[in-house]
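Q: Please find data-v9.txt (compact mmCIF, C-alpha atoms) on the next line:
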```
# COMPACT_ATOMS: atom_id res chain seq x y z
CA MET A 1 -77.84 210.67 105.51
CA PRO A 2 -80.17 208.22 107.30
CA LYS A 3 -79.82 204.51 106.81
CA PRO A 4 -82.40 203.11 104.41
CA ASP A 5 -85.38 201.07 105.65
CA ILE A 6 -84.92 201.59 109.42
CA HIS A 7 -86.62 204.96 110.01
CA PRO A 8 -90.38 205.44 110.27
CA THR A 9 -92.22 207.45 107.63
CA TRP A 10 -92.19 211.18 108.43
CA TYR A 11 -95.36 213.17 107.83
CA PRO A 12 -94.47 216.89 107.87
CA ASP A 13 -98.15 217.95 107.77
CA ALA A 14 -99.71 215.56 110.28
CA LYS A 15 -103.18 216.68 111.40
CA VAL A 16 -103.96 217.03 115.13
CA ILE A 17 -107.67 216.28 115.59
CA CYS A 18 -109.69 217.16 118.70
CA ASN A 19 -113.45 216.44 118.87
CA GLY A 20 -113.62 215.69 115.17
CA GLU A 21 -112.04 218.93 113.92
CA VAL A 22 -108.48 219.69 112.85
CA VAL A 23 -106.95 222.02 115.42
CA MET A 24 -103.40 222.22 114.10
CA THR A 25 -100.80 220.55 111.93
CA THR A 26 -97.38 219.39 112.98
CA GLY A 27 -94.68 216.96 111.99
CA SER A 28 -95.11 213.39 113.18
CA THR A 29 -94.59 209.74 112.37
CA GLN A 30 -98.39 209.32 112.19
CA PRO A 31 -100.56 211.04 109.56
CA GLU A 32 -103.32 211.87 112.11
CA ILE A 33 -103.09 212.43 115.86
CA ASN A 34 -106.37 212.23 117.82
CA VAL A 35 -106.35 214.09 121.15
CA ASP A 36 -109.00 214.71 123.79
CA VAL A 37 -107.55 217.91 125.23
CA TRP A 38 -105.33 220.59 123.76
CA SER A 39 -104.48 224.16 124.73
CA GLY A 40 -107.46 225.55 122.82
CA ASN A 41 -110.06 223.79 124.98
CA HIS A 42 -108.23 223.17 128.26
CA PRO A 43 -109.70 225.25 131.13
CA PHE A 44 -106.27 226.32 132.39
CA TYR A 45 -105.33 227.92 129.09
CA THR A 46 -108.75 229.36 128.26
CA GLY A 47 -109.12 231.06 131.66
CA THR A 48 -112.25 229.18 132.70
CA GLN A 49 -110.58 227.01 135.33
CA LYS A 50 -112.53 226.64 138.57
CA ILE A 51 -110.95 225.73 141.89
CA LEU A 52 -113.02 222.99 143.46
CA ASP A 53 -113.32 223.08 147.25
CA THR A 54 -113.92 219.43 147.98
CA GLU A 55 -115.29 218.68 151.44
CA GLY A 56 -114.77 222.27 152.63
CA ARG A 57 -110.99 221.98 152.76
CA VAL A 58 -110.44 225.73 152.44
CA ASP A 59 -112.87 226.50 155.28
CA ARG A 60 -111.29 223.82 157.43
CA PHE A 61 -107.82 225.25 156.82
CA MET A 62 -108.98 228.78 157.64
CA ARG A 63 -110.62 227.63 160.88
CA LYS A 64 -107.66 225.48 161.88
CA TYR A 65 -105.09 228.23 161.53
CA GLY A 66 -107.28 231.00 162.91
CA MET A 67 -107.64 232.93 159.67
CA GLY A 68 -111.41 232.99 159.85
CA ALA A 69 -113.76 231.32 157.48
CA ALA A 70 -113.44 231.60 153.74
CA ASP A 71 -116.28 234.17 153.73
CA GLY A 72 -114.01 236.73 155.43
CA THR A 73 -115.12 236.46 159.06
CA ALA A 74 -112.21 236.36 161.43
CA ALA A 75 -112.23 233.81 164.22
CA LYS A 76 -109.96 234.66 167.13
CA LYS A 77 -108.02 231.77 168.57
CA GLU A 78 -106.63 231.99 172.08
CA THR A 79 -103.02 231.08 172.45
CA PRO A 80 -101.66 229.88 175.78
CA ALA A 81 -99.21 232.15 177.57
CA PRO A 82 -95.61 231.22 176.83
CA ALA A 83 -93.86 229.32 179.60
CA ALA A 84 -91.07 231.15 181.37
CA GLU A 85 -87.79 230.13 179.88
CA ALA A 86 -85.11 228.82 182.18
CA PRO A 87 -81.89 230.86 182.07
CA VAL A 88 -79.22 229.25 179.96
CA ALA A 89 -76.23 228.29 182.02
CA GLU A 90 -73.04 229.76 180.68
CA ALA A 91 -70.43 227.28 179.64
CA ALA A 92 -67.58 226.95 182.08
CA SER A 93 -64.54 228.70 180.75
CA VAL A 94 -61.76 226.33 179.87
CA ALA A 95 -58.25 227.58 180.04
CA GLU A 96 -56.54 226.87 176.80
CA ALA A 97 -52.85 226.71 176.34
CA PRO A 98 -51.56 229.36 173.94
CA VAL A 99 -50.88 227.99 170.47
CA ALA A 100 -47.82 229.24 168.67
CA ALA A 101 -48.67 230.34 165.17
CA SER A 102 -46.07 229.68 162.55
CA THR A 103 -46.09 230.76 158.95
CA GLU A 104 -43.42 228.27 157.95
CA PRO A 105 -44.40 224.76 156.82
CA ALA A 106 -43.60 221.96 159.24
CA ALA A 107 -40.49 219.97 158.49
CA VAL A 108 -40.97 216.35 157.60
CA GLU A 109 -38.27 213.95 158.70
CA ALA A 110 -37.71 210.86 156.65
```
Spell out the structure here as structure tokens.

A:
Amino acid sequence: MPKPDIHPTWYPDAKVICNGEVVMTTGSTQPEINVDVWSGNHPFYTGTQKILDTEGRVDRFMRKYGMGAADGTAAKKETPAPAAEAPVAEAASVAEAPVAASTEPAAVEA
């Protein structure tokens, strides 16, 4: 049971209003909620979203990485011949002393 006089008034049928029309009802602490965008008119949810190519970024990316222009033409980019790799010197073998393996725990002297 909530404490008296500390909780806000709950409106179980609060109206969500977008562009002057009621788009849905929900529970809220306000009787009316005015919104500019909701899922019914947002381009992402309605499928009318357009991808804006500001300053030709897509074309620039395609040219830079040799994928051709955005219109499908392929631009061939010359790559320099790889430099001959120097052979990797093998590490000098180090003679290691044999290590005795023991399955018994080491004794601790006190």

Q: Do you know which residues are at most 12 Å from Met24 (chain A) counting all atoms listed in the file, after dropping those on the same chain fewer than 4 positions away, and could you put them as an NGL selection string?

A: :A and (13-18 or 32-35 or 38-40)

Q: What is the distance between CA of Thr26 (chain A) and CA of Thr9 (chain A), in Å to one decimal?

A: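 Between CA of Thr26 (chain A) and CA of Thr9 (chain A) the gap works out to 14.1 Å.
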
Q: In Å, with one decimal, what is the gap from CA of Val23 (chain A) to CA of Asp36 (chain A)?

A: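 Between CA of Val23 (chain A) and CA of Asp36 (chain A) the gap works out to 11.3 Å.
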
Q: Distance CA of Val37 (chain A)-CA of Gln49 (chain A), one decimal place?

A: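 The value is 13.9 Å.
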